[in-house]
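Structure first, then comments.
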Amino acid sequence: MGKRNFSIAALPGFATIAMITFVFLYLPIVTLVVYSFNEAASMARWEGFSLRWYEAALNNRQVQDVSIRSLVIAAWAASLATILATMAALATTRNERRFPGQTMVYALINQPLMVPEIVTGVALLIFFAMIKVSTGYQGLAYLVAAHTAFCIPFAYLPIRARLETMDLTLERAAADLYATPWQAFRHVTLPLLVPGVIAGFMLAFVTSLDTVVITEFIKSAGQDTLPTYMLGQMRRVITPEMNAISTLFLLLSLIAVTVFFLLSRKKA
Amino acid sequence: MSAVELAPHGADTTKPKARRGDIAWRWWLVMPALIVLLLAASGPLLIVLVYSFLEPGNFGGVVWNFSTDGWFQVFFTRDIFDETLVTPATAHLDIFWRSIKLALYTTLITAILGFPTAWFIATRAPDVRPIWLFLVTIPFWTNLVIRTFAIMEVIRNEGLVNNVLRGVGIVSAPIQMLFTDFAILLGMAYVFLPLMVLPLYASMEKLDFKLLEAGYDLYASRLRVLWHIVLPLVKPGFIAGSILVFIPAIGAYVTPRILGGGRNLMLGNLIELQFGQGRNWPLGSALALTLLVIVVIALLFYIRSTSQPEGQRHG
Amino acid sequence: MRTTRLTLAAAALAASTALASAQDGGQLNIYNWGNYTSPEMIEKFEQETGIDVTVTDYDSNDTALTRIRAGGHGFDIVVPSNNYVPIWVEAGLLQELDPAEIPNMENIAERWRDVPWDPNRTHTVPWQWGTTGVIVNTSVYDGDINTSAIFLDPPDELKGKINVIPEMTDVMNLAVNYVGGEACTNDRDILRQARDKLVEAKQHWIALDYGTVDAYAAGDIAAGVYWNGASMRARLANEDLAYGYPKEGYPVWMDSAGILTDAQNTENAKKFLNFVLEPENAAMISDFARYANGVEGSDAFMPEDMKTAPEIVVPAEHEEAAYFSVTCPAEVQQLYTQIWTELLR
């Protein structure tokens, strides 16, 4: 790691812009959270503190179902996408010359990004419907597969960026010390790669949580996720119940983040 | 899984045999991802290609007759009042151009905000960096729909910003921010910002600050250090971030619809219209593939610029 | 990697609990518009019959149609709008209903029995119905609101404060009516006038958006094209808001429930249709969704504020301008789309 000279690293104005960015990120979220405690049925007015929307959300079986389903799909899809993307990133970086077909591989990996969700949605609908009819299986695997594919580029890009700026000296040293390839990977490459992998996983996870149009098209009976549920509500009216659910999700993410943070601390 | 073969010594690549083995390994590693992508993303797209050459069904769907009308309609319009008159589809071109423009601006804004933010995080002490990083992603645990609504709450006429401005007495009447291009840009920058910050951070985190020190010791100005040393090193992260922002931005439709008020279509909305209320799937397919071509061109341009030798890699 | 393992474990756990909660016995899968199915009504149905009901949402007629037509969906009941019902029937997606098996079809109100989109109710039963008209904030503009001029020739007070729902067919038809044509016309003269009117009017619109009950209540928007039930919700939040029935013509729509041909729980689906035609249960849906239901005798169970609401009970003088929304022929649909794209370029 080496010693840091902070006077050099701290470029003038950067901290200010960073703070502005954080305010920009949190202002809408704070508004959202505050209004989840609003007594009024509309977000237009403040009518006093109340927990009624939390009560409503927690008593709403459908809201619970769709929230859990969203999290399950996101966990599966992000994990699978991160593993696959890490392998793909290892395969497509750090070679002096591109291997034959590498450009095509890039194109394939990034393809889900290039196509509007609606198009992927329609294409997958037709394709999966054929499989559904012929196999009779209508479970969540279709959604997990579609989300995984859609998340791969989001996981891939940060991991690849990490690999490209990664120092090769240590790996070579390990190889020179007769570490097996797996040992070298497990004890040298992987630990160095972790920040990229975490960034990739988190991106994939939030991307899966956001994927609404594809889900809307390929879901079978009883497979609503939180965003498709919200989209259905949007046509009619958005109540602070949505704010309450979102606040609960934020809380959940805070808990997950804290747990992760404590665990990684302990290890260090 | 062979890390050694993945990171070949310079000498290895000169030996054809080793290089062949290396290539085989690389294909094995990338194969699982490709299979998933082919099954659940790219493969089904062939259906879209086929559909773009068919006739539209009366109520959505397609009729299995070959036709190039879908593609024709992307670029040309048959005048609805005089069918013999064929003109370029200026409405479509307007929409394409508008989407590209807004996506570029969005990328620029996220870069301007994201670069210093990623830098700020990367220069914190190593043990608090994850905290800052998580702070960037936490807002994104709420989904896109609700995030966009949160922005709307802040900028609407009776919203936070206008109320504060009026309370302080800076303005007397609310400023119309909602349903403008400004709102779309603000919203898209907001929803796509982490897609810029995370890859930038990932490439900065490993920055060798000794290089900066060296640069500084040589009395280079901060700007020169930034330009000549930092930028080339974080370029992969910056490019990854730009791709991650630009591409969803060009096809975005939830955010423009809610914040822009839907007065002007973006590409995503136009394509959705053809698959939905417009019931012209071949045209929708052809429009989607046109978008795909634009993006592929942009992407090839990016890849070209990344694969160029970037001087000496440190290490 | 640690997070990966953790989340995998969590996912497996969640998945197994989800599986465990699946009950034995009868099932029913309903595919309906979001926020449109009263949870209390579903609960009551489950208690009475012991059937396990799953409701899944869609956000547009086109999504639902595309989805079902592709097959392999697992749904039993769907609730398309009246102008889509003939498409569903023609494509053979809906089962024919036998009134002997659904005795409560007796309860369907006279007006909704022999309807043009489903003659003699052979395939669907009423769910909810409403109108598409205009909403105006009367504290901003106090003139005549029963006209499409509100959004096509707006008075100065409303300029720049108008929202139009992005329902292409509805808005196009309102404009066609306004210039003197019939809905789904292919008369080029009328279409030209309608287009010119729309293009000219659009500069006075602030948005083409859906979810705007809040925006109307808060005063962000002062007028626009809207549905009656949503208008009522907006009025309950802000009493200055009023709903207008355009005298040039306005569409009446009805979402109707039918049983899918490839339903796996046909018997349960019949029980459900019979159940929602019970006046008390129909009123529960109306209470939730805030639209009228078309079931005779449900008035007695309706909430007080809906019995007299001017948005729900169409005043006699405005009945004449109403017409059932229709399915436009494919050719007209294409013309509409072209004009619409031109308008929103």
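Note on naming: chains are A, B, ... as they come in the structure tokens, residues start from 1 per chain, ligands start from 1 in the order shown.
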Thr341 of chain C surroundings by only C-alpha atoms, 8 Å radius, close-in-sequence under 2 positions cut, as a PyMOL selection string
(chain B and resi 91-92+265+270) or (chain C and resi 337-339+343-345)
Among segment 53-141 of chain A, which residues carry a DSSP assignment of alpha helix (DSSP H), reported as a PyMOL selection string?
chain A and resi 53-59+61-91+102-114+117-135+141
Could you list, as a list in words, every residue within 8 Å of Pro88 of chain B, counting only C-alpha atoms and ignoring same-chain residues fewer than 2 positions away?
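Everything that qualifies: Phe75, Phe76, Thr77, Val86 and Thr90 of chain B.
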State, in Å with one decimal place, the distance from atom CA of Glu171 of chain A to atom CA of Ala78 of chain A.
27.6 Å
Need the shell around Thr31 of chain A: protein/DNA/RNA residues with any atom at most 10 Å away, counting only C-alpha atoms. Skip same-chain ones fewer than 3 positions apart. Format as a list in words?
Tyr26, Leu27, Pro28, Val34, Tyr35, Ser36 and Asn243 of chain A; Ala150, Ile151, Glu153, Val154, Gly159 and Leu160 of chain B
Would you export the selected residues with N, CA and C atoms as a PDB file, in the first residue's frame, please?
```pdb
ATOM      1  N   TYR A  26     -28.404  12.316  -1.059  1.00  0.00           N
ATOM      2  CA  TYR A  26     -29.224  12.026   0.109  1.00  0.00           C
ATOM      3  C   TYR A  26     -30.438  12.921   0.295  1.00  0.00           C
ATOM      4  N   LEU A  27     -30.423  14.088  -0.344  1.00  0.00           N
ATOM      5  CA  LEU A  27     -31.558  14.998  -0.168  1.00  0.00           C
ATOM      6  C   LEU A  27     -32.884  14.330  -0.551  1.00  0.00           C
ATOM      7  N   PRO A  28     -32.967  13.737  -1.763  1.00  0.00           N
ATOM      8  CA  PRO A  28     -34.234  13.088  -2.126  1.00  0.00           C
ATOM      9  C   PRO A  28     -34.571  11.923  -1.204  1.00  0.00           C
ATOM     10  N   VAL A  34     -38.648  11.064   5.342  1.00  0.00           N
ATOM     11  CA  VAL A  34     -39.472  11.946   6.174  1.00  0.00           C
ATOM     12  C   VAL A  34     -40.947  11.776   5.823  1.00  0.00           C
ATOM     13  N   TYR A  35     -41.239  11.742   4.505  1.00  0.00           N
ATOM     14  CA  TYR A  35     -42.640  11.652   4.105  1.00  0.00           C
ATOM     15  C   TYR A  35     -43.257  10.278   4.386  1.00  0.00           C
ATOM     16  N   SER A  36     -42.417   9.279   4.650  1.00  0.00           N
ATOM     17  CA  SER A  36     -42.987   7.979   4.996  1.00  0.00           C
ATOM     18  C   SER A  36     -43.651   8.042   6.366  1.00  0.00           C
ATOM     19  N   ASN A 243     -43.309   4.869   0.205  1.00  0.00           N
ATOM     20  CA  ASN A 243     -42.196   5.477   0.932  1.00  0.00           C
ATOM     21  C   ASN A 243     -41.787   4.598   2.100  1.00  0.00           C
TER      22      ASN A 243
ATOM     23  N   ALA B 150     -38.691  10.385  -5.637  1.00  0.00           N
ATOM     24  CA  ALA B 150     -38.039  11.170  -4.587  1.00  0.00           C
ATOM     25  C   ALA B 150     -37.483  12.472  -5.169  1.00  0.00           C
ATOM     26  N   ILE B 151     -36.872  12.380  -6.335  1.00  0.00           N
ATOM     27  CA  ILE B 151     -36.369  13.584  -7.014  1.00  0.00           C
ATOM     28  C   ILE B 151     -37.521  14.541  -7.288  1.00  0.00           C
ATOM     29  N   GLU B 153     -40.233  14.898  -5.640  1.00  0.00           N
ATOM     30  CA  GLU B 153     -40.635  15.562  -4.401  1.00  0.00           C
ATOM     31  C   GLU B 153     -39.764  16.780  -4.113  1.00  0.00           C
ATOM     32  N   VAL B 154     -38.493  16.673  -4.486  1.00  0.00           N
ATOM     33  CA  VAL B 154     -37.559  17.742  -4.164  1.00  0.00           C
ATOM     34  C   VAL B 154     -37.739  18.947  -5.094  1.00  0.00           C
ATOM     35  N   GLY B 159     -42.304  21.748  -3.753  1.00  0.00           N
ATOM     36  CA  GLY B 159     -41.296  20.849  -3.191  1.00  0.00           C
ATOM     37  C   GLY B 159     -40.274  21.572  -2.330  1.00  0.00           C
ATOM     38  N   LEU B 160     -39.322  20.773  -1.864  1.00  0.00           N
ATOM     39  CA  LEU B 160     -38.325  21.243  -0.909  1.00  0.00           C
ATOM     40  C   LEU B 160     -37.564  22.463  -1.406  1.00  0.00           C
TER      41      LEU B 160
END
```
Set the cut-off to 8 Å and count only C-alpha atoms: what are the residues of chain B that reach chain C? Output as a ChimeraX atom specification.
/B:58-61,80-81,91-92,94-95,156-158,179,257-258,260-265,270,276-280
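A straight line drawn from atom CA of Trp117 of chain C to atom CA of Gln274 of chain B is 24.5 Å long.
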Excluding segment 298-305 of chain C and its own-chain neighbours fewer than 3 positions away, which residues fall within 9 Å of it when counting only C-alpha atoms? Please give them as a list in words.
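The residues that qualify are Glu278, Pro279, Glu280, Asn281, Ala282, Ala283, Met284, Ser286, Asp287, Asn293, Gly294, Val295, Thr308 and Ala309 of chain C.
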Write out as JSON, numbers by chain which residues come within 12 Å of Gly48 of chain A when counting only C-alpha atoms, dropping same-chain ones fewer than 3 positions away.
{"A": [34, 35, 36, 37, 38, 39, 40, 41, 43, 45, 51, 52]}
For the selection just defined, write its residues with C-alpha atoms to a file, as a short mmCIF file (atom, residue, chain, number, x, y, z; two decimals), in the first residue's frame.
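Produced file again_5.cif, reproduced below:
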```
data_model
loop_
_atom_site.label_atom_id
_atom_site.label_comp_id
_atom_site.auth_asym_id
_atom_site.auth_seq_id
_atom_site.Cartn_x
_atom_site.Cartn_y
_atom_site.Cartn_z
CA VAL A 34 -39.47 11.95 6.17
CA TYR A 35 -42.64 11.65 4.10
CA SER A 36 -42.99 7.98 5.00
CA PHE A 37 -43.95 9.25 8.47
CA ASN A 38 -46.55 11.62 7.06
CA GLU A 39 -50.10 11.27 8.33
CA ALA A 40 -51.58 12.46 5.02
CA ALA A 41 -52.50 10.03 2.24
CA MET A 43 -47.22 13.36 -0.55
CA ARG A 45 -48.91 18.00 2.31
CA LEU A 51 -46.65 5.29 11.58
CA ARG A 52 -49.81 4.33 9.72
#
```
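You can rank A:Phe249, A:Trp46, A:Phe22, A:Phe154 by their closest distance to chain C using only C-alpha atoms, and at the top of that list sits A:Trp46.
Rounded to one decimal, atom CA of Ile184 of chain B and atom CA of Lys101 of chain B lie 11.9 Å from each other.
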Long-range neighbours of Ile109 of chain A as an MDAnalysis selection string, 9 Å cut-off, only C-alpha atoms, 6 positions minimum in chain
(chainID A and resid 85 88 149 152:153 156) or (chainID B and resid 33:34 37)
Saved selection, atoms kept: C-alpha atoms, as a PDB file, in the first residue's frame:
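Written out: again19.pdb:
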```pdb
ATOM      1  CA  ALA A  85     -18.268 -11.885 -14.572  1.00  0.00           C
ATOM      2  CA  ALA A  88     -14.963 -13.560 -17.757  1.00  0.00           C
ATOM      3  CA  ALA A 149     -27.669 -12.163 -17.839  1.00  0.00           C
ATOM      4  CA  ILE A 152     -23.340  -9.604 -15.934  1.00  0.00           C
ATOM      5  CA  PRO A 153     -22.085  -6.419 -17.652  1.00  0.00           C
ATOM      6  CA  TYR A 156     -18.025  -7.264 -15.296  1.00  0.00           C
TER       7      TYR A 156
ATOM      8  CA  ALA B  33     -20.910 -16.276 -18.805  1.00  0.00           C
ATOM      9  CA  LEU B  34     -21.344 -16.582 -22.566  1.00  0.00           C
ATOM     10  CA  LEU B  37     -25.836 -14.511 -22.028  1.00  0.00           C
TER      11      LEU B  37
END
```
Quick one: which residues from chain A are at most 6 Å off chain B, using only C-alpha atoms, as a VMD selection string?
chain A and resid 14 to 15 18 28 32 84 87 to 88 91 114 116 123 to 124 146 149 157 to 158 161 to 162 167 181 185 196 210 246 250
Could you write out the selected residues, including C-alpha atoms, as a PDB file, in the first residue's frame?
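Full text of out_15.pdb as output:
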```pdb
ATOM      1  CA  PHE A  14     -12.521  17.850  -4.876  1.00  0.00           C
ATOM      2  CA  ALA A  15     -13.707  17.421  -1.305  1.00  0.00           C
ATOM      3  CA  ALA A  18     -17.705  15.202  -3.183  1.00  0.00           C
ATOM      4  CA  PRO A  28     -34.234  13.088  -2.126  1.00  0.00           C
ATOM      5  CA  LEU A  32     -38.604  10.164   0.987  1.00  0.00           C
ATOM      6  CA  LEU A  84     -19.470 -15.443 -14.032  1.00  0.00           C
ATOM      7  CA  MET A  87     -14.243 -15.450 -14.565  1.00  0.00           C
ATOM      8  CA  ALA A  88     -14.963 -13.560 -17.757  1.00  0.00           C
ATOM      9  CA  ALA A  91     -10.229 -14.267 -19.234  1.00  0.00           C
ATOM     10  CA  MET A 114     -27.094  -1.969 -25.299  1.00  0.00           C
ATOM     11  CA  PRO A 116     -33.554  -1.281 -24.192  1.00  0.00           C
ATOM     12  CA  ALA A 123     -37.578 -11.372 -26.971  1.00  0.00           C
ATOM     13  CA  LEU A 124     -37.271 -13.270 -23.696  1.00  0.00           C
ATOM     14  CA  ALA A 146     -32.800 -13.186 -17.150  1.00  0.00           C
ATOM     15  CA  ALA A 149     -27.669 -12.163 -17.839  1.00  0.00           C
ATOM     16  CA  LEU A 157     -17.030  -3.675 -15.963  1.00  0.00           C
ATOM     17  CA  PRO A 158     -15.776  -2.692 -12.486  1.00  0.00           C
ATOM     18  CA  ALA A 161     -11.354  -2.038 -14.563  1.00  0.00           C
ATOM     19  CA  ARG A 162      -9.833  -3.316 -11.332  1.00  0.00           C
ATOM     20  CA  ASP A 167      -0.151  -4.804 -10.156  1.00  0.00           C
ATOM     21  CA  PRO A 181      -1.661 -21.506 -10.080  1.00  0.00           C
ATOM     22  CA  PHE A 185      -4.975 -17.013  -7.560  1.00  0.00           C
ATOM     23  CA  GLY A 196     -13.646  -4.733  -7.801  1.00  0.00           C
ATOM     24  CA  ASP A 210     -34.266  -2.075 -10.569  1.00  0.00           C
ATOM     25  CA  SER A 246     -38.552   1.996   0.485  1.00  0.00           C
ATOM     26  CA  LEU A 250     -32.936   1.357   3.126  1.00  0.00           C
TER      27      LEU A 250
END
```
In terms of the shortest atom-to-atom distance over only C-alpha atoms, which of A:Leu163, A:Leu143, A:Val122, A:Leu168 is closest to chain C?
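For chain C, the nearest of the given residues is A:Val122.
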Which of C:Tyr243, C:Gly72, C:Gly92, C:Glu101 sits closest to Asp144 of chain C [using only C-alpha atoms]
C:Tyr243
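Among the candidates B:Thr68, B:Ser99, B:Thr87, B:Ser52, the one nearest to Asp181 of chain B when counting only C-alpha atoms is B:Ser99.
Among the candidates C:Ala257, C:Ala321, C:Val213, C:Ile102, the residue lying nearest to chain A is C:Val213 (atoms considered: only C-alpha atoms).
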